[in-house]
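A.B. asks: Contents of query18.tsv (TSV, C-alpha atoms and all ligand atoms) are below:
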```tsv
chain	number	residue	atom	x	y	z
I	1	MET	CA	0.00	0.00	0.00
I	2	ASP	CA	1.44	3.41	-0.95
I	3	ARG	CA	1.76	5.62	2.11
I	4	TYR	CA	1.51	9.40	2.51
I	5	ALA	CA	1.13	11.75	5.47
I	6	VAL	CA	0.73	15.36	6.48
I	7	ILE	CA	3.48	16.76	8.70
I	8	GLY	CA	2.87	19.78	10.88
I	9	HIS	CA	3.02	21.17	14.39
I	10	PRO	CA	0.33	21.05	15.60
I	11	VAL	CA	-1.30	18.57	13.24
I	12	GLU	CA	-3.96	16.78	15.29
I	13	HIS	CA	-6.82	18.85	13.83
I	14	SER	CA	-5.70	18.42	10.21
I	15	LYS	CA	-8.46	17.40	7.84
I	16	SER	CA	-6.00	16.21	5.20
I	17	PRO	CA	-6.23	12.49	6.17
I	18	LEU	CA	-10.04	12.63	5.81
I	19	ILE	CA	-9.82	14.44	2.50
I	20	HIS	CA	-7.24	12.12	0.96
I	21	ALA	CA	-9.10	9.03	2.20
I	22	ALA	CA	-12.23	10.35	0.49
I	23	PHE	CA	-10.30	11.04	-2.74
I	24	ALA	CA	-8.77	7.55	-2.64
I	25	GLN	CA	-12.12	5.90	-2.14
I	26	GLN	CA	-13.75	7.95	-4.88
I	27	THR	CA	-11.02	7.21	-7.44
I	28	GLY	CA	-10.32	3.61	-6.40
I	29	GLN	CA	-6.70	4.39	-5.49
I	30	GLN	CA	-5.03	2.12	-2.94
I	31	LEU	CA	-3.23	4.32	-0.43
I	32	GLU	CA	-2.89	5.20	3.22
I	33	TYR	CA	-2.63	8.79	4.45
I	34	GLY	CA	-1.73	9.59	8.05
I	35	LYS	CA	-0.68	12.57	10.12
I	36	VAL	CA	2.65	13.07	11.83
I	37	GLN	CA	3.50	15.78	14.32
I	38	ALA	CA	7.17	16.74	13.98
I	39	PRO	CA	8.99	18.45	16.86
I	40	LEU	CA	9.68	22.07	15.97
I	41	ASP	CA	13.36	21.24	15.51
I	42	GLY	CA	12.77	17.81	14.00
I	43	PHE	CA	11.18	18.28	10.59
I	44	VAL	CA	14.09	17.02	8.48
I	45	ALA	CA	14.60	13.94	10.69
I	46	ILE	CA	10.92	13.01	10.39
I	47	VAL	CA	10.88	13.44	6.60
I	48	THR	CA	14.05	11.36	6.25
I	49	ASP	CA	12.53	8.65	8.45
I	50	LEU	CA	9.31	8.53	6.41
I	51	GLN	CA	11.31	8.45	3.18
I	52	GLU	CA	13.37	5.51	4.50
I	53	LYS	CA	10.18	3.73	5.49
I	54	GLY	CA	9.06	3.89	1.86
I	55	TYR	CA	6.49	6.69	2.06
I	56	ARG	CA	5.74	8.09	-1.41
I	57	GLY	CA	5.21	11.69	-0.36
I	58	VAL	CA	4.03	14.09	2.31
I	59	ASN	CA	2.04	17.26	2.65
I	60	VAL	CA	3.67	19.91	4.78
I	61	THR	CA	1.82	22.43	6.87
I	62	VAL	CA	2.60	25.17	9.37
I	63	PRO	CA	5.35	25.87	10.38
I	64	PHE	CA	7.47	23.67	8.10
I	65	LYS	CA	6.75	24.93	4.56
I	66	PHE	CA	10.02	26.88	4.37
I	67	GLU	CA	12.08	23.96	5.66
I	68	ALA	CA	10.36	21.74	3.10
I	69	TYR	CA	11.41	24.24	0.45
I	70	SER	CA	15.05	24.00	1.57
I	71	LEU	CA	14.92	20.22	1.80
I	72	ALA	CA	13.54	19.63	-1.72
I	73	THR	CA	16.18	18.61	-4.24
I	74	GLU	CA	13.93	19.76	-7.11
I	75	LEU	CA	11.37	22.57	-7.13
I	76	THR	CA	8.52	23.39	-9.48
I	77	PRO	CA	8.44	26.99	-10.73
I	78	ARG	CA	5.39	27.73	-8.58
I	79	ALA	CA	7.16	26.40	-5.46
I	80	ARG	CA	10.19	28.52	-6.32
I	81	ASP	CA	7.97	31.60	-6.72
I	82	ALA	CA	6.19	30.93	-3.45
I	83	GLY	CA	9.45	30.29	-1.58
I	84	ALA	CA	7.58	27.54	0.27
I	85	VAL	CA	6.58	23.93	-0.31
I	86	ASN	CA	3.45	22.10	0.85
I	87	THR	CA	3.82	18.90	-1.20
I	88	LEU	CA	6.87	16.66	-1.25
I	89	THR	CA	7.17	13.61	-3.51
I	90	PHE	CA	9.87	11.00	-2.94
I	91	THR	CA	11.27	9.30	-6.02
I	92	ASP	CA	14.55	7.37	-6.33
I	93	GLY	CA	16.33	9.39	-3.67
I	94	ALA	CA	15.12	12.72	-5.05
I	95	ILE	CA	12.69	14.97	-3.18
I	96	HIS	CA	10.39	16.95	-5.46
I	97	GLY	CA	8.89	20.06	-3.90
I	98	ASP	CA	5.71	21.71	-5.11
I	99	ASN	CA	3.26	24.26	-3.75
I	100	THR	CA	-0.44	23.69	-4.40
I	101	ASP	CA	-1.84	26.38	-2.08
I	102	GLY	CA	-2.13	29.12	-4.68
I	103	VAL	CA	-3.68	26.96	-7.33
I	104	GLY	CA	-6.06	25.64	-4.65
I	105	LEU	CA	-7.18	29.18	-3.78
I	106	VAL	CA	-7.60	30.24	-7.40
I	107	ARG	CA	-9.53	27.08	-8.32
I	108	ASP	CA	-11.84	27.56	-5.36
I	109	ILE	CA	-12.56	31.14	-6.42
I	110	LEU	CA	-12.95	30.44	-10.14
I	111	GLN	CA	-14.60	27.04	-10.17
I	112	ASN	CA	-16.39	26.49	-6.86
I	113	LEU	CA	-17.43	30.07	-6.15
I	114	ALA	CA	-17.77	30.89	-9.87
I	115	PHE	CA	-16.14	34.29	-9.38
I	116	THR	CA	-13.93	35.88	-12.04
I	117	LEU	CA	-10.50	37.23	-11.24
I	118	ALA	CA	-9.58	38.37	-14.75
I	119	GLY	CA	-9.97	42.11	-15.04
I	120	LYS	CA	-10.92	42.48	-11.36
I	121	ARG	CA	-9.51	44.69	-8.60
I	122	VAL	CA	-8.05	42.33	-6.01
I	123	LEU	CA	-6.92	43.17	-2.49
I	124	LEU	CA	-4.63	40.70	-0.73
I	125	LEU	CA	-4.41	41.27	3.02
I	126	GLY	CA	-1.14	40.08	4.57
I	127	ALA	CA	2.45	39.68	3.42
I	128	GLY	CA	3.55	36.59	5.32
I	129	GLY	CA	4.03	33.03	4.13
I	130	ALA	CA	0.36	32.46	3.36
I	131	ALA	CA	0.18	35.55	1.12
I	132	GLU	CA	3.49	34.74	-0.62
I	133	GLY	CA	2.21	31.25	-1.35
I	134	VAL	CA	-0.78	32.45	-3.37
I	135	LEU	CA	0.60	35.55	-5.07
I	136	GLY	CA	1.89	33.86	-8.25
I	137	PRO	CA	-1.29	31.91	-9.07
I	138	LEU	CA	-3.41	35.00	-8.30
I	139	LEU	CA	-1.41	37.02	-10.82
I	140	GLU	CA	-1.72	34.23	-13.39
I	141	ALA	CA	-5.48	34.73	-13.19
I	142	SER	CA	-4.88	38.21	-14.73
I	143	PRO	CA	-6.59	40.62	-12.35
I	144	LEU	CA	-6.70	44.25	-13.45
I	145	SER	CA	-4.94	45.26	-10.27
I	146	LEU	CA	-3.58	43.62	-7.16
I	147	CYS	CA	-3.03	45.58	-3.99
I	148	ILE	CA	-1.13	43.96	-1.14
I	149	ALA	CA	-1.95	45.55	2.20
I	150	ASN	CA	-0.06	44.68	5.35
I	151	ARG	CA	0.38	45.99	8.88
I	152	THR	CA	4.13	46.11	8.21
I	153	VAL	CA	4.15	47.98	4.89
I	154	ASP	CA	7.79	47.11	4.12
I	155	LYS	CA	6.90	43.45	3.77
I	156	ALA	CA	4.13	44.19	1.27
I	157	GLU	CA	6.52	46.46	-0.66
I	158	ALA	CA	9.16	43.72	-0.73
I	159	MET	CA	6.61	41.27	-2.11
I	160	VAL	CA	5.61	43.67	-4.88
I	161	ALA	CA	9.28	44.33	-5.68
I	162	ARG	CA	9.90	40.62	-6.24
I	163	VAL	CA	7.15	40.25	-8.85
I	164	ARG	CA	8.12	40.25	-12.53
I	165	PRO	CA	6.25	43.09	-14.25
I	166	GLY	CA	3.14	41.88	-16.09
I	167	GLN	CA	-0.27	43.12	-17.13
I	168	THR	CA	-1.60	43.47	-13.57
I	169	SER	CA	-0.92	46.77	-11.87
I	170	LEU	CA	0.54	46.15	-8.42
I	171	ASP	CA	0.85	48.23	-5.32
I	172	ALA	CA	1.63	47.88	-1.63
I	173	ARG	CA	-0.03	49.78	1.22
I	174	GLY	CA	-0.71	49.90	4.90
I	175	PHE	CA	-4.28	49.33	6.08
I	176	ASP	CA	-4.70	53.05	6.75
I	177	ALA	CA	-4.14	53.79	3.06
I	178	LEU	CA	-7.15	51.69	2.00
I	179	ALA	CA	-9.76	54.38	2.73
I	180	ASP	CA	-11.75	55.39	-0.38
I	181	GLN	CA	-10.56	52.30	-2.29
I	182	GLU	CA	-12.97	49.70	-3.69
I	183	PHE	CA	-12.20	46.09	-4.57
I	184	ASP	CA	-14.04	43.25	-6.28
I	185	VAL	CA	-12.20	40.49	-4.43
I	186	VAL	CA	-10.68	40.85	-0.95
I	187	ILE	CA	-8.60	37.92	0.34
I	188	ASN	CA	-7.52	37.67	3.95
I	189	ALA	CA	-4.14	35.93	4.07
I	190	THR	CA	-3.14	37.31	7.47
I	191	SER	CA	-3.04	35.08	10.53
I	192	SER	CA	-5.12	37.62	12.51
I	193	GLY	CA	-8.14	35.29	12.57
I	194	LEU	CA	-6.15	32.65	14.44
I	195	HIS	CA	-6.04	35.00	17.40
I	196	ASN	CA	-9.52	36.36	16.78
I	197	GLU	CA	-8.03	39.78	16.03
I	198	ARG	CA	-9.81	42.32	13.89
I	199	LEU	CA	-7.90	44.01	11.08
I	200	PRO	CA	-8.10	47.81	11.07
I	201	LEU	CA	-9.96	47.98	7.75
I	202	PRO	CA	-11.95	51.02	6.67
I	203	SER	CA	-15.60	50.94	5.70
I	204	GLY	CA	-16.54	50.85	2.02
I	205	LEU	CA	-13.88	48.40	0.80
I	206	PHE	CA	-16.26	46.13	-1.09
I	207	ALA	CA	-17.49	47.04	-4.57
I	208	ALA	CA	-20.92	45.84	-5.67
I	209	ASP	CA	-20.91	42.03	-6.14
I	210	ALA	CA	-17.64	41.70	-4.25
I	211	LEU	CA	-16.21	38.49	-2.84
I	212	ALA	CA	-14.68	38.40	0.65
I	213	TYR	CA	-12.45	35.37	1.06
I	214	ASP	CA	-10.78	34.25	4.27
I	215	MET	CA	-8.08	31.61	3.86
I	216	MET	CA	-8.95	30.34	7.36
I	217	TYR	CA	-11.79	27.92	7.90
I	218	GLY	CA	-13.70	26.35	10.73
I	219	ARG	CA	-15.55	29.37	12.08
I	220	GLU	CA	-16.54	32.92	11.24
I	221	THR	CA	-13.41	35.02	11.62
I	222	PRO	CA	-13.45	38.72	12.54
I	223	PHE	CA	-12.68	39.43	8.85
I	224	MET	CA	-15.72	37.43	7.73
I	225	ARG	CA	-17.86	39.23	10.31
I	226	TYR	CA	-16.55	42.57	9.03
I	227	ALA	CA	-17.38	41.51	5.45
I	228	ARG	CA	-20.92	40.57	6.51
I	229	GLU	CA	-21.40	43.88	8.31
I	230	GLU	CA	-20.05	45.71	5.26
I	231	GLY	CA	-22.51	43.89	2.99
I	232	ALA	CA	-20.00	41.96	0.84
I	233	SER	CA	-22.05	40.08	-1.67
I	234	ARG	CA	-20.31	36.74	-1.15
I	235	ILE	CA	-18.28	35.55	1.84
I	236	ALA	CA	-16.17	32.41	1.73
I	237	ASP	CA	-13.89	30.66	4.17
I	238	GLY	CA	-10.81	28.64	3.19
I	239	LEU	CA	-12.34	25.16	3.29
I	240	GLY	CA	-12.61	25.06	-0.49
I	241	MET	CA	-8.97	26.09	-0.80
I	242	LEU	CA	-7.99	23.32	1.61
I	243	VAL	CA	-9.79	20.69	-0.45
I	244	GLU	CA	-8.51	22.07	-3.77
I	245	GLN	CA	-4.87	22.20	-2.63
I	246	ALA	CA	-5.28	18.59	-1.48
I	247	ALA	CA	-6.78	17.60	-4.83
I	248	GLU	CA	-3.79	19.08	-6.63
I	249	ALA	CA	-1.39	17.17	-4.34
I	250	PHE	CA	-3.40	14.01	-4.98
I	251	TYR	CA	-3.07	14.64	-8.71
I	252	ILE	CA	0.71	15.14	-8.42
I	253	TRP	CA	1.07	11.83	-6.60
I	254	ARG	CA	-1.54	9.69	-8.36
I	255	ARG	CA	-2.10	11.40	-11.72
I	256	VAL	CA	-5.84	11.19	-11.09
I	257	ARG	CA	-7.95	14.28	-10.45
I	258	PRO	CA	-10.59	13.70	-7.78
I	259	ASP	CA	-14.00	15.38	-7.78
I	260	THR	CA	-13.77	17.93	-4.95
I	261	ALA	CA	-17.47	18.88	-4.69
I	262	PRO	CA	-18.72	15.82	-2.73
I	263	VAL	CA	-15.72	15.96	-0.39
I	264	MET	CA	-16.34	19.64	0.33
I	265	ALA	CA	-20.04	18.98	0.91
I	266	ALA	CA	-19.22	16.15	3.35
I	267	LEU	CA	-16.79	18.35	5.29
I	268	ARG	CA	-19.34	21.16	5.49
I	269	ALA	CA	-22.02	18.77	6.69
I	270	ALA	CA	-19.70	17.45	9.40
I	301	LIG	P1	1.51	32.99	7.66
I	301	LIG	O1	2.37	31.87	7.24
I	301	LIG	O2	0.20	32.58	8.28
I	301	LIG	O3	1.32	33.99	6.58
I	301	LIG	P2	3.35	34.83	8.88
I	301	LIG	O4	4.34	34.60	7.81
I	301	LIG	O5	3.80	34.96	10.28
I	301	LIG	O6	2.27	33.68	8.90
I	301	LIG	O7	2.49	36.13	8.46
I	301	LIG	C1	1.42	36.56	9.24
I	301	LIG	C2	0.72	37.69	8.50
I	301	LIG	O8	-0.45	38.08	9.22
I	301	LIG	C3	1.55	38.93	8.34
I	301	LIG	O9	1.15	39.59	7.17
I	301	LIG	C4	1.15	39.72	9.60
I	301	LIG	O10	1.40	41.10	9.51
I	301	LIG	P3	2.88	41.68	9.81
I	301	LIG	O11	3.71	41.33	8.61
I	301	LIG	O12	2.69	43.13	9.98
I	301	LIG	O13	3.34	40.97	11.06
I	301	LIG	C5	-0.33	39.44	9.60
I	301	LIG	N1	-0.98	39.61	10.90
I	301	LIG	C6	-1.04	38.73	11.90
I	301	LIG	N2	-1.78	39.21	12.94
I	301	LIG	C7	-2.20	40.44	12.55
I	301	LIG	C8	-3.02	41.45	13.18
I	301	LIG	N3	-3.54	41.31	14.39
I	301	LIG	N4	-3.23	42.58	12.48
I	301	LIG	C9	-2.71	42.76	11.25
I	301	LIG	N5	-1.95	41.84	10.62
I	301	LIG	C10	-1.70	40.71	11.26
```
Since I need it in another form, could you write the structure as structure tokens?
Ligand code: ATR
C.D. replies:
Amino acid sequence: MDRYAVIGHPVEHSKSPLIHAAFAQQTGQQLEYGKVQAPLDGFVAIVTDLQEKGYRGVNVTVPFKFEAYSLATELTPRARDAGAVNTLTFTDGAIHGDNTDGVGLVRDILQNLAFTLAGKRVLLLGAGGAAEGVLGPLLEASPLSLCIANRTVDKAEAMVARVRPGQTSLDARGFDALADQEFDVVINATSSGLHNERLPLPSGLFAADALAYDMMYGRETPFMRYAREEGASRIADGLGMLVEQAAEAFYIWRRVRPDTAPVMAALRAA
């Protein structure tokens, strides 16, 4: 039986084993998928151990995505752009690193939520690892403009400076410079929701028919509450992104694309 796992710290609440088991059942793939908590200073040792035990690959979650990036012997362009890896594949001594987070987010927005990004004004909140991970795929969806807003403006500016110039106009701001701006899609990639903290966002951020998207899932975050109070036309949490990034990892490993809709519905019902 081919074996896979998700490695994180903490990892006990990870839904990845459930999701991959559902994909495997749906597609008739024979595999096992577990979860492994690595000590904060023990990521590389755990990966090496799993590799020696014959595991075929692992998903990597907080806080190890940067270490996974360093450990990979080969990187896909999107992993290189993101500077982080969430999917490792072990083949003949090589460790392939990929990042499926951004494509998971974009697929959730385009396919599941049926929202367009092309030609739209997008606001990305946050300039940490989560924001970095989705920036490339967001730009590939050809928004008209992409504004990165962050509490620490320097970090947003550094992100913008690293992007190769393209058709999307880019800018970096602090939250206080968002007054009088309107956006069609606002994505919260900060970790503020983890601590139940409210972002200092002005009123009037959402254009008509705007989407508010929080990359967190599990409960209504302060950002989602703000979006509801502000009358955003559609509000989404990150559950769809979670399932879509998993589907892309499953595809990398098994070359079979699972149907994400029933898995998402089952997770929502639970
Ligand atoms: P992650 O991997 O989740 O992105 P990170 O790299 O530590 O974690 O980045 C956290 C992001 O959330 C940053 O953009 C951080 O802002 P700073 O760069 O100014 O630190 C943002 N963040 C976290 N808590 C926040 C809060 N209460 N208000 C505003 N931004 C917050």
A.B. asks: Would you kindly return, as a PDB file with C-alpha atoms, keeping the file's coordinate frame, each protein, DNA or RNA residue with an atom no farther than 7 Å from any atom of I:Ala72, considering all atoms listed in the file and excluding same-chain residues fewer than 5 positions away?
C.D. replies:
```pdb
ATOM      1  CA  ILE I  95      12.690  14.970  -3.180  1.00  0.00           C
ATOM      2  CA  HIS I  96      10.390  16.950  -5.460  1.00  0.00           C
ATOM      3  CA  GLY I  97       8.890  20.060  -3.900  1.00  0.00           C
TER       4      GLY I  97
END
```
A.B. asks: Give the residues close to ligand LIG 301 (chain I), within 9 Å, counting all atoms listed in the file; write them as a PyMOL selection string.
C.D. replies: chain I and resi 62-63+65+125-133+149-156+175+188-200
A.B. asks: Provide the atom CA of I:Pro143 to atom CA of I:Gly166 distance in Å, to one decimal place.
C.D. replies: 10.5 Å
A.B. asks: With only C-alpha atoms as the atoms that count, which of I:Ala177, I:Leu88, I:Ala212, I:Ile7 lies nearest to I:Ser70?
C.D. replies: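 Between I:Ala177, I:Leu88, I:Ala212, I:Ile7, the residue approaching I:Ser70 most closely is I:Leu88.
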A.B. asks: Atom CA of I:Leu146 and atom CA of I:Asn59, how far apart in Å?
C.D. replies: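 Taking atom CA of I:Asn59 and atom CA of I:Leu146, their separation equals 28.7 Å.
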